[in-house]
file target.tsv (TSV, C-alpha atoms)
chain	number	residue	atom	x	y	z
A	1	MET	CA	-262.06	-164.08	-24.97
A	2	GLU	CA	-259.57	-166.74	-23.92
A	3	GLU	CA	-260.24	-168.62	-27.14
A	4	ASN	CA	-259.36	-165.56	-29.22
A	5	ASN	CA	-256.10	-165.12	-27.31
A	6	ASN	CA	-255.15	-168.73	-28.03
A	7	VAL	CA	-255.83	-168.24	-31.73
A	8	GLU	CA	-253.58	-165.21	-31.78
A	9	GLU	CA	-250.78	-166.99	-29.91
A	10	ALA	CA	-251.00	-169.96	-32.29
A	11	LYS	CA	-249.76	-167.69	-35.05
A	12	LYS	CA	-246.61	-166.77	-33.18
A	13	THR	CA	-243.26	-168.16	-34.32
A	14	ILE	CA	-240.46	-168.88	-31.86
A	15	LEU	CA	-236.85	-169.38	-32.89
A	16	ILE	CA	-234.93	-171.78	-30.63
A	17	VAL	CA	-231.14	-171.40	-30.83
A	18	ASP	CA	-229.49	-174.16	-28.79
A	19	ASP	CA	-226.95	-176.90	-29.50
A	20	GLU	CA	-228.32	-179.44	-27.00
A	21	GLU	CA	-230.77	-181.80	-28.69
A	22	PRO	CA	-232.56	-182.82	-25.45
A	23	ILE	CA	-233.22	-179.14	-24.66
A	24	ILE	CA	-234.50	-178.49	-28.19
A	25	ASN	CA	-236.77	-181.53	-28.05
A	26	LEU	CA	-238.11	-180.50	-24.64
A	27	LEU	CA	-238.82	-176.95	-25.78
A	28	GLU	CA	-240.37	-178.02	-29.06
A	29	TYR	CA	-242.67	-180.57	-27.41
A	30	ASN	CA	-243.98	-178.16	-24.79
A	31	LEU	CA	-244.20	-175.03	-26.94
A	32	GLU	CA	-245.94	-176.85	-29.77
A	33	LYS	CA	-248.54	-177.95	-27.21
A	34	GLU	CA	-249.09	-174.24	-26.52
A	35	GLY	CA	-249.79	-173.68	-30.22
A	36	TYR	CA	-246.59	-171.93	-31.27
A	37	ASN	CA	-244.82	-172.41	-34.61
A	38	LEU	CA	-241.17	-173.33	-34.04
A	39	ILE	CA	-237.94	-173.07	-35.99
A	40	GLU	CA	-234.55	-174.14	-34.67
A	41	ALA	CA	-230.85	-173.56	-35.07
A	42	ARG	CA	-227.99	-175.57	-33.57
A	43	ASP	CA	-225.35	-172.81	-33.72
A	44	GLY	CA	-225.17	-169.05	-33.41
A	45	GLU	CA	-224.39	-168.35	-37.06
A	46	THR	CA	-227.45	-170.26	-38.27
A	47	GLY	CA	-229.56	-168.69	-35.54
A	48	LEU	CA	-228.53	-165.21	-36.62
A	49	LYS	CA	-229.35	-165.96	-40.26
A	50	LEU	CA	-232.78	-167.37	-39.34
A	51	ALA	CA	-233.52	-164.35	-37.15
A	52	PHE	CA	-232.99	-161.99	-40.07
A	53	ASP	CA	-234.59	-164.23	-42.71
A	54	LYS	CA	-237.64	-165.46	-40.78
A	55	LYS	CA	-238.16	-162.56	-38.37
A	56	PRO	CA	-239.68	-164.69	-35.57
A	57	ASP	CA	-241.89	-163.24	-32.86
A	58	LEU	CA	-239.52	-164.35	-30.09
A	59	ILE	CA	-236.07	-165.94	-29.75
A	60	LEU	CA	-234.98	-168.45	-27.11
A	61	LEU	CA	-231.21	-168.04	-27.23
A	62	ASP	CA	-228.64	-170.24	-25.50
A	63	LEU	CA	-225.55	-168.48	-24.16
A	64	MET	CA	-222.95	-171.11	-25.07
A	65	LEU	CA	-223.17	-171.89	-28.79
A	66	PRO	CA	-220.78	-173.12	-31.49
A	67	ARG	CA	-219.53	-170.79	-34.25
A	68	ILE	CA	-221.00	-167.60	-32.73
A	69	ASP	CA	-221.82	-167.36	-29.00
A	70	GLY	CA	-225.23	-166.27	-27.76
A	71	LEU	CA	-224.11	-162.90	-26.42
A	72	THR	CA	-222.68	-161.94	-29.82
A	73	VAL	CA	-225.86	-163.09	-31.55
A	74	CYS	CA	-227.92	-160.99	-29.14
A	75	LYS	CA	-225.73	-157.93	-29.66
A	76	ARG	CA	-225.90	-158.16	-33.46
A	77	ILE	CA	-229.69	-158.46	-33.40
A	78	ARG	CA	-229.99	-155.49	-31.06
A	79	ASN	CA	-227.71	-153.42	-33.32
A	80	SER	CA	-230.08	-154.13	-36.24
A	81	PRO	CA	-233.59	-152.78	-37.00
A	82	LEU	CA	-235.11	-156.04	-35.71
A	83	ASN	CA	-237.17	-155.58	-32.56
A	84	ILE	CA	-237.66	-159.17	-31.36
A	85	PRO	CA	-237.98	-160.22	-27.71
A	86	ILE	CA	-234.97	-162.35	-26.69
A	87	ILE	CA	-234.95	-164.74	-23.75
A	88	MET	CA	-231.45	-165.97	-22.98
A	89	ILE	CA	-230.97	-169.54	-21.70
A	90	SER	CA	-227.80	-170.75	-20.03
A	91	ALA	CA	-226.37	-173.29	-17.62
A	92	LYS	CA	-224.37	-170.46	-16.05
A	93	ALA	CA	-226.00	-168.89	-13.03
A	94	GLU	CA	-223.30	-166.35	-12.16
A	95	GLU	CA	-224.62	-162.83	-11.70
A	96	ILE	CA	-222.16	-161.39	-14.23
A	97	ASP	CA	-223.69	-163.51	-16.98
A	98	LYS	CA	-227.16	-162.23	-16.17
A	99	ILE	CA	-226.01	-158.62	-16.17
A	100	LEU	CA	-223.97	-159.00	-19.36
A	101	GLY	CA	-226.77	-160.71	-21.24
A	102	LEU	CA	-229.31	-158.07	-20.26
A	103	GLU	CA	-226.93	-155.20	-20.99
A	104	LEU	CA	-226.52	-156.48	-24.53
A	105	GLY	CA	-230.25	-156.22	-25.00
A	106	ALA	CA	-231.80	-159.50	-23.85
A	107	ASP	CA	-235.33	-159.03	-22.56
A	108	ASP	CA	-235.17	-161.89	-20.11
A	109	TYR	CA	-232.90	-164.62	-18.75
A	110	ILE	CA	-233.57	-168.15	-17.51
A	111	THR	CA	-231.06	-170.64	-16.10
A	112	LYS	CA	-230.80	-174.36	-16.78
A	113	PRO	CA	-232.23	-176.52	-15.37
A	114	PHE	CA	-235.48	-174.59	-15.68
A	115	SER	CA	-239.13	-175.29	-15.02
A	116	ILE	CA	-241.10	-175.66	-18.26
A	117	ARG	CA	-244.04	-173.96	-16.57
A	118	GLU	CA	-241.85	-170.97	-15.75
A	119	LEU	CA	-240.33	-170.81	-19.24
A	120	VAL	CA	-243.75	-170.96	-20.93
A	121	ALA	CA	-244.99	-168.21	-18.61
A	122	ARG	CA	-242.04	-166.01	-19.57
A	123	VAL	CA	-242.54	-166.71	-23.27
A	124	LYS	CA	-246.20	-165.69	-23.03
A	125	ALA	CA	-245.40	-162.59	-20.98
A	126	ASN	CA	-242.74	-161.37	-23.42
A	127	LEU	CA	-244.98	-162.03	-26.44
A	128	ARG	CA	-247.90	-160.19	-24.83
A	129	LYS	CA	-245.70	-157.23	-23.99
A	130	ALA	CA	-244.26	-157.05	-27.52
A	131	GLU	CA	-247.74	-157.30	-29.01
A	132	LEU	CA	-249.09	-154.57	-26.73
A	133	SER	CA	-246.16	-152.28	-27.48
A	134	SER	CA	-246.62	-152.84	-31.22
A	135	TYR	CA	-250.35	-152.12	-30.92
A	136	ASN	CA	-249.72	-148.92	-28.96
A	137	MET	CA	-247.19	-147.78	-31.55
A	138	ASP	CA	-249.64	-148.45	-34.38
A	139	GLU	CA	-252.41	-146.58	-32.59
A	140	SER	CA	-250.09	-143.65	-31.95
A	141	ASN	CA	-249.18	-143.48	-35.63
A	142	LYS	CA	-252.86	-143.51	-36.60
A	143	GLU	CA	-253.73	-140.68	-34.24
A	144	LYS	CA	-250.73	-138.39	-34.57
A	145	ASN	CA	-252.23	-136.51	-37.56
A	146	GLU	CA	-255.35	-135.78	-35.51
A	147	ASN	CA	-253.86	-135.07	-32.08
A	148	HIS	CA	-250.90	-133.30	-30.63
A	149	ASP	CA	-248.07	-135.57	-29.57
A	150	LYS	CA	-248.29	-136.54	-25.91
A	151	ILE	CA	-245.21	-135.18	-24.23
A	152	ILE	CA	-243.93	-135.41	-20.66
A	153	ARG	CA	-241.22	-133.02	-19.52
A	154	ILE	CA	-239.42	-133.46	-16.22
A	155	GLY	CA	-236.66	-130.89	-15.95
A	156	GLU	CA	-234.31	-131.52	-18.86
A	157	LEU	CA	-235.95	-134.88	-19.62
A	158	TYR	CA	-238.34	-134.88	-22.58
A	159	ILE	CA	-240.47	-137.97	-23.40
A	160	ASN	CA	-242.63	-138.05	-26.53
A	161	LEU	CA	-245.05	-140.90	-25.84
A	162	ASP	CA	-246.41	-141.04	-29.40
A	163	LYS	CA	-243.08	-141.02	-31.20
A	164	PHE	CA	-241.33	-143.24	-28.61
A	165	GLU	CA	-238.68	-140.53	-28.38
A	166	VAL	CA	-236.57	-139.47	-25.39
A	167	ARG	CA	-234.33	-136.41	-25.18
A	168	VAL	CA	-232.17	-134.95	-22.43
A	169	ASN	CA	-231.09	-131.34	-22.90
A	170	ASP	CA	-232.31	-131.65	-26.53
A	171	LYS	CA	-229.99	-134.61	-27.15
A	172	LEU	CA	-231.76	-137.65	-28.61
A	173	ILE	CA	-231.33	-140.71	-26.37
A	174	GLU	CA	-231.38	-144.20	-27.90
A	175	LEU	CA	-233.33	-146.56	-25.68
A	176	THR	CA	-234.43	-150.13	-26.25
A	177	LEU	CA	-238.19	-150.71	-26.24
A	178	ARG	CA	-238.00	-152.24	-22.75
A	179	GLU	CA	-236.02	-149.27	-21.42
A	180	PHE	CA	-238.55	-146.87	-22.92
A	181	GLU	CA	-241.44	-148.78	-21.37
A	182	VAL	CA	-239.82	-148.58	-17.93
A	183	LEU	CA	-239.15	-144.86	-18.29
A	184	ARG	CA	-242.67	-144.20	-19.57
A	185	TYR	CA	-244.24	-146.12	-16.70
A	186	LEU	CA	-242.27	-144.11	-14.14
A	187	ALA	CA	-242.86	-140.82	-15.98
A	188	ASN	CA	-246.61	-141.29	-15.82
A	189	GLN	CA	-246.38	-141.15	-12.03
A	190	PRO	CA	-243.45	-138.84	-11.25
A	191	GLY	CA	-242.37	-138.63	-7.65
A	192	GLN	CA	-244.11	-141.91	-6.77
A	193	VAL	CA	-241.86	-144.77	-5.73
A	194	VAL	CA	-242.49	-147.94	-7.74
A	195	THR	CA	-241.24	-151.24	-6.35
A	196	ARG	CA	-239.11	-153.64	-8.40
A	197	GLU	CA	-241.90	-156.21	-8.15
A	198	ALA	CA	-244.43	-153.74	-9.54
A	199	LEU	CA	-242.15	-152.83	-12.45
A	200	LEU	CA	-241.56	-156.50	-13.20
A	201	GLU	CA	-245.30	-157.13	-13.28
A	202	LYS	CA	-246.42	-153.98	-15.12
A	203	VAL	CA	-243.60	-153.64	-17.67
A	204	TRP	CA	-242.37	-157.20	-18.16
A	205	GLY	CA	-245.80	-158.70	-17.55
A	206	TYR	CA	-244.83	-161.15	-14.81
A	207	GLU	CA	-246.96	-161.84	-11.79
A	208	TYR	CA	-245.04	-164.74	-10.27
A	209	TYR	CA	-241.96	-165.20	-12.41
A	210	GLY	CA	-238.90	-163.18	-13.20
A	211	ASP	CA	-235.59	-162.17	-11.70
A	212	ILE	CA	-235.78	-158.88	-9.78
A	213	ARG	CA	-232.19	-158.27	-10.90
A	214	THR	CA	-233.59	-157.75	-14.40
A	215	VAL	CA	-235.20	-154.51	-13.21
A	216	ASP	CA	-231.99	-153.27	-11.55
A	217	VAL	CA	-229.94	-153.88	-14.70
A	218	THR	CA	-232.48	-152.07	-16.89
A	219	ILE	CA	-232.62	-149.10	-14.51
A	220	ARG	CA	-228.82	-148.91	-14.56
A	221	ARG	CA	-228.78	-148.90	-18.35
A	222	ILE	CA	-231.35	-146.09	-18.47
A	223	ARG	CA	-229.32	-144.06	-15.98
A	224	GLU	CA	-226.19	-144.45	-18.07
A	225	LYS	CA	-228.07	-142.85	-20.95
A	226	ILE	CA	-230.04	-140.04	-19.28
A	227	GLU	CA	-227.98	-139.00	-16.24
A	228	GLN	CA	-224.94	-136.70	-16.37
A	229	ASP	CA	-223.52	-138.36	-13.27
A	230	THR	CA	-224.73	-141.91	-12.57
A	231	SER	CA	-223.17	-141.84	-9.10
A	232	SER	CA	-225.45	-138.94	-8.19
A	233	PRO	CA	-228.60	-139.27	-10.33
A	234	LYS	CA	-230.95	-136.30	-10.55
A	235	LEU	CA	-233.73	-137.79	-12.69
A	236	LEU	CA	-234.04	-141.51	-12.01
A	237	ILE	CA	-233.82	-141.94	-8.24
A	238	THR	CA	-233.45	-145.02	-6.04
A	239	LYS	CA	-235.50	-145.31	-2.86
A	240	ARG	CA	-233.20	-147.66	-0.99
A	241	GLY	CA	-234.84	-150.93	-0.10
A	242	VAL	CA	-238.07	-150.03	-1.89
A	243	GLY	CA	-237.74	-149.22	-5.59
A	244	TYR	CA	-237.33	-146.37	-8.07
A	245	TYR	CA	-239.00	-143.12	-9.09
A	246	LEU	CA	-238.57	-140.24	-11.50
A	247	SER	CA	-238.02	-136.81	-10.02
A	248	SER	CA	-241.23	-134.79	-10.12
A	249	ARG	CA	-239.53	-131.43	-10.44
A	250	GLU	CA	-240.76	-129.15	-13.24
A	251	LYS	CA	-243.11	-131.84	-14.48
A	252	GLU	CA	-245.59	-130.88	-17.19
A	253	GLN	CA	-247.62	-132.83	-19.70
A	254	GLU	CA	-248.97	-131.79	-23.08
A	255	GLY	CA	-251.35	-133.35	-25.56
call {"tool": "encode", "arguments": {"input": "target.tsv", "output": "structure tokens"}}
result
Amino acid sequence: MEENNNVEEAKKTILIVDDEEPIINLLEYNLEKEGYNLIEARDGETGLKLAFDKKPDLILLDLMLPRIDGLTVCKRIRNSPLNIPIIMISAKAEEIDKILGLELGADDYITKPFSIRELVARVKANLRKAELSSYNMDESNKEKNENHDKIIRIGELYINLDKFEVRVNDKLIELTLREFEVLRYLANQPGQVVTREALLEKVWGYEYYGDIRTVDVTIRRIREKIEQDTSSPKLLITKRGVGYYLSSREKEQEG
């Protein structure tokens, strides 16, 4: 089984967008050993062009880049039909940079200097999650002509698991794939508090790596989209010091 997984991963292409040659060389050396195909760009403009032309399976994106900065590159990709996992890399460790990068749609964030072991683990976790999400979407499309759509309703919140669609009071809500996965995971166990660590492991795929702040930022983004008043949320609730849960009121499931 492990051998088959390695064969699949060997087919994956990673785009490295960084202007520091030592970093590029380090990443290329270690990721090639893992069996990945690699392409590189030394500035944001070239990176953006390669992302659209080559459609890689994952992007390692530096924050500080010539011509177009990493945050702008990330935002433009997220505003396009491309659905590629993005791991942002930066020498800046300030919390605002982490929040800003994730709010623009980055899936993950790692700070220089970083452990190669940690970076490789995050690459694998994000690729596995993207592959699983793609597989689930394909399976849903195959089955939707034979089965009713699987729908969860919690009060005014409506989640169509097959169509990857979320509505609040009949208004269509645009979520990123990661935001949808978080909401779906919580919706499948309404009223049950899920810790940040559990969400990081189950949704992002990390067991030992990952910044817990990533979960908080994603939850905040979901709230901004589904709650009428984010200062007093009625659907996505915080259990202080523990984690998060979806209100279980008026919960029903179809399909």
call {"tool": "atom_distance", "arguments": {"input": "target.tsv", "atom1": "CA of Asp43 (chain A)", "atom2": "CA of Glu28 (chain A)"}}
result
16.6 Å
call {"tool": "closest_residue", "arguments": {"input": "target.tsv", "among": "A:Leu38, A:Ile152, A:Ile116, A:Ile87", "to": "Thr214 (chain A)", "atoms": "only C-alpha atoms"}}
result
A:Ile87
call {"tool": "residues_around", "arguments": {"input": "target.tsv", "residues": "region 53-65 of chain A", "least_positions_apart": "3", "cutoff": "6 Å", "atoms": "only C-alpha atoms", "output": "PyMOL selection string"}}
result
chain A and resi 12-18+43-44+50+69-70+84-90
call {"tool": "write_last_selection", "arguments": {"input": "target.tsv", "atoms": "C-alpha atoms", "output": "mmCIF file, in the coordinates of the input"}}
result
data_model
loop_
_atom_site.group_PDB
_atom_site.id
_atom_site.type_symbol
_atom_site.label_atom_id
_atom_site.label_comp_id
_atom_site.auth_asym_id
_atom_site.auth_seq_id
_atom_site.Cartn_x
_atom_site.Cartn_y
_atom_site.Cartn_z
ATOM 1 C CA LYS A 12 -246.610 -166.770 -33.180
ATOM 2 C CA THR A 13 -243.260 -168.160 -34.320
ATOM 3 C CA ILE A 14 -240.460 -168.880 -31.860
ATOM 4 C CA LEU A 15 -236.850 -169.380 -32.890
ATOM 5 C CA ILE A 16 -234.930 -171.780 -30.630
ATOM 6 C CA VAL A 17 -231.140 -171.400 -30.830
ATOM 7 C CA ASP A 18 -229.490 -174.160 -28.790
ATOM 8 C CA ASP A 43 -225.350 -172.810 -33.720
ATOM 9 C CA GLY A 44 -225.170 -169.050 -33.410
ATOM 10 C CA LEU A 50 -232.780 -167.370 -39.340
ATOM 11 C CA ASP A 69 -221.820 -167.360 -29.000
ATOM 12 C CA GLY A 70 -225.230 -166.270 -27.760
ATOM 13 C CA ILE A 84 -237.660 -159.170 -31.360
ATOM 14 C CA PRO A 85 -237.980 -160.220 -27.710
ATOM 15 C CA ILE A 86 -234.970 -162.350 -26.690
ATOM 16 C CA ILE A 87 -234.950 -164.740 -23.750
ATOM 17 C CA MET A 88 -231.450 -165.970 -22.980
ATOM 18 C CA ILE A 89 -230.970 -169.540 -21.700
ATOM 19 C CA SER A 90 -227.800 -170.750 -20.030
#
call {"tool": "closest_residue", "arguments": {"input": "target.tsv", "among": "A:Leu104, A:Leu132, A:Ile173, A:Tyr29", "to": "Lys202 (chain A)", "atoms": "all atoms listed in the file"}}
result
A:Leu132
call {"tool": "atom_distance", "arguments": {"input": "target.tsv", "atom1": "CA of Lys11 (chain A)", "atom2": "CA of Val182 (chain A)"}}
result
27.5 Å
call {"tool": "residues_around", "arguments": {"input": "target.tsv", "residues": "Arg78 (chain A)", "least_positions_apart": "3", "cutoff": "9 Å", "atoms": "all atoms listed in the file", "output": "PDB file with C-alpha atoms, in the frame of the given file"}}
result
ATOM      1  CA  VAL A  73    -225.860-163.090 -31.550  1.00  0.00           C
ATOM      2  CA  CYS A  74    -227.920-160.990 -29.140  1.00  0.00           C
ATOM      3  CA  LYS A  75    -225.730-157.930 -29.660  1.00  0.00           C
ATOM      4  CA  PRO A  81    -233.590-152.780 -37.000  1.00  0.00           C
ATOM      5  CA  LEU A  82    -235.110-156.040 -35.710  1.00  0.00           C
ATOM      6  CA  ASN A  83    -237.170-155.580 -32.560  1.00  0.00           C
ATOM      7  CA  ILE A  84    -237.660-159.170 -31.360  1.00  0.00           C
ATOM      8  CA  LEU A 104    -226.520-156.480 -24.530  1.00  0.00           C
ATOM      9  CA  GLY A 105    -230.250-156.220 -25.000  1.00  0.00           C
ATOM     10  CA  ALA A 106    -231.800-159.500 -23.850  1.00  0.00           C
ATOM     11  CA  THR A 176    -234.430-150.130 -26.250  1.00  0.00           C
TER      12      THR A 176
END
call {"tool": "residues_around", "arguments": {"input": "target.tsv", "residues": "Lys225 (chain A)", "least_positions_apart": "6", "cutoff": "10 Å", "atoms": "only C-alpha atoms", "output": "list in words"}}
result
Arg167, Val168, Leu172, Ile173, Glu174 and Leu175 of chain A
call {"tool": "residues_around", "arguments": {"input": "target.tsv", "residues": "Val166 (chain A)", "least_positions_apart": "5", "cutoff": "12 Å", "atoms": "all atoms listed in the file", "output": "PDB file with C-alpha atoms, in the coordinates of the input"}}
result
ATOM      1  CA  ILE A 151    -245.210-135.180 -24.230  1.00  0.00           C
ATOM      2  CA  ILE A 152    -243.930-135.410 -20.660  1.00  0.00           C
ATOM      3  CA  ARG A 153    -241.220-133.020 -19.520  1.00  0.00           C
ATOM      4  CA  ILE A 154    -239.420-133.460 -16.220  1.00  0.00           C
ATOM      5  CA  GLU A 156    -234.310-131.520 -18.860  1.00  0.00           C
ATOM      6  CA  LEU A 157    -235.950-134.880 -19.620  1.00  0.00           C
ATOM      7  CA  TYR A 158    -238.340-134.880 -22.580  1.00  0.00           C
ATOM      8  CA  ILE A 159    -240.470-137.970 -23.400  1.00  0.00           C
ATOM      9  CA  ASN A 160    -242.630-138.050 -26.530  1.00  0.00           C
ATOM     10  CA  LEU A 161    -245.050-140.900 -25.840  1.00  0.00           C
ATOM     11  CA  LYS A 171    -229.990-134.610 -27.150  1.00  0.00           C
ATOM     12  CA  LEU A 172    -231.760-137.650 -28.610  1.00  0.00           C
ATOM     13  CA  ILE A 173    -231.330-140.710 -26.370  1.00  0.00           C
ATOM     14  CA  GLU A 174    -231.380-144.200 -27.900  1.00  0.00           C
ATOM     15  CA  LEU A 175    -233.330-146.560 -25.680  1.00  0.00           C
ATOM     16  CA  THR A 176    -234.430-150.130 -26.250  1.00  0.00           C
ATOM     17  CA  LEU A 177    -238.190-150.710 -26.240  1.00  0.00           C
ATOM     18  CA  GLU A 179    -236.020-149.270 -21.420  1.00  0.00           C
ATOM     19  CA  PHE A 180    -238.550-146.870 -22.920  1.00  0.00           C
ATOM     20  CA  GLU A 181    -241.440-148.780 -21.370  1.00  0.00           C
ATOM     21  CA  LEU A 183    -239.150-144.860 -18.290  1.00  0.00           C
ATOM     22  CA  ARG A 184    -242.670-144.200 -19.570  1.00  0.00           C
ATOM     23  CA  ALA A 187    -242.860-140.820 -15.980  1.00  0.00           C
ATOM     24  CA  ILE A 222    -231.350-146.090 -18.470  1.00  0.00           C
ATOM     25  CA  LYS A 225    -228.070-142.850 -20.950  1.00  0.00           C
ATOM     26  CA  ILE A 226    -230.040-140.040 -19.280  1.00  0.00           C
TER      27      ILE A 226
END
call {"tool": "residues_around", "arguments": {"input": "target.tsv", "residues": "Tyr185 (chain A)", "least_positions_apart": "4", "cutoff": "12 Å", "atoms": "all atoms listed in the file", "output": "list in words"}}
result
Ile152, Ile159, Leu161, Arg178, Glu179, Phe180, Glu181, Gln189, Pro190, Gly191, Gln192, Val193, Val194, Thr195, Ala198, Leu199, Leu200, Glu201, Lys202, Val203, Trp204, Tyr244, Tyr245 and Leu246 of chain A
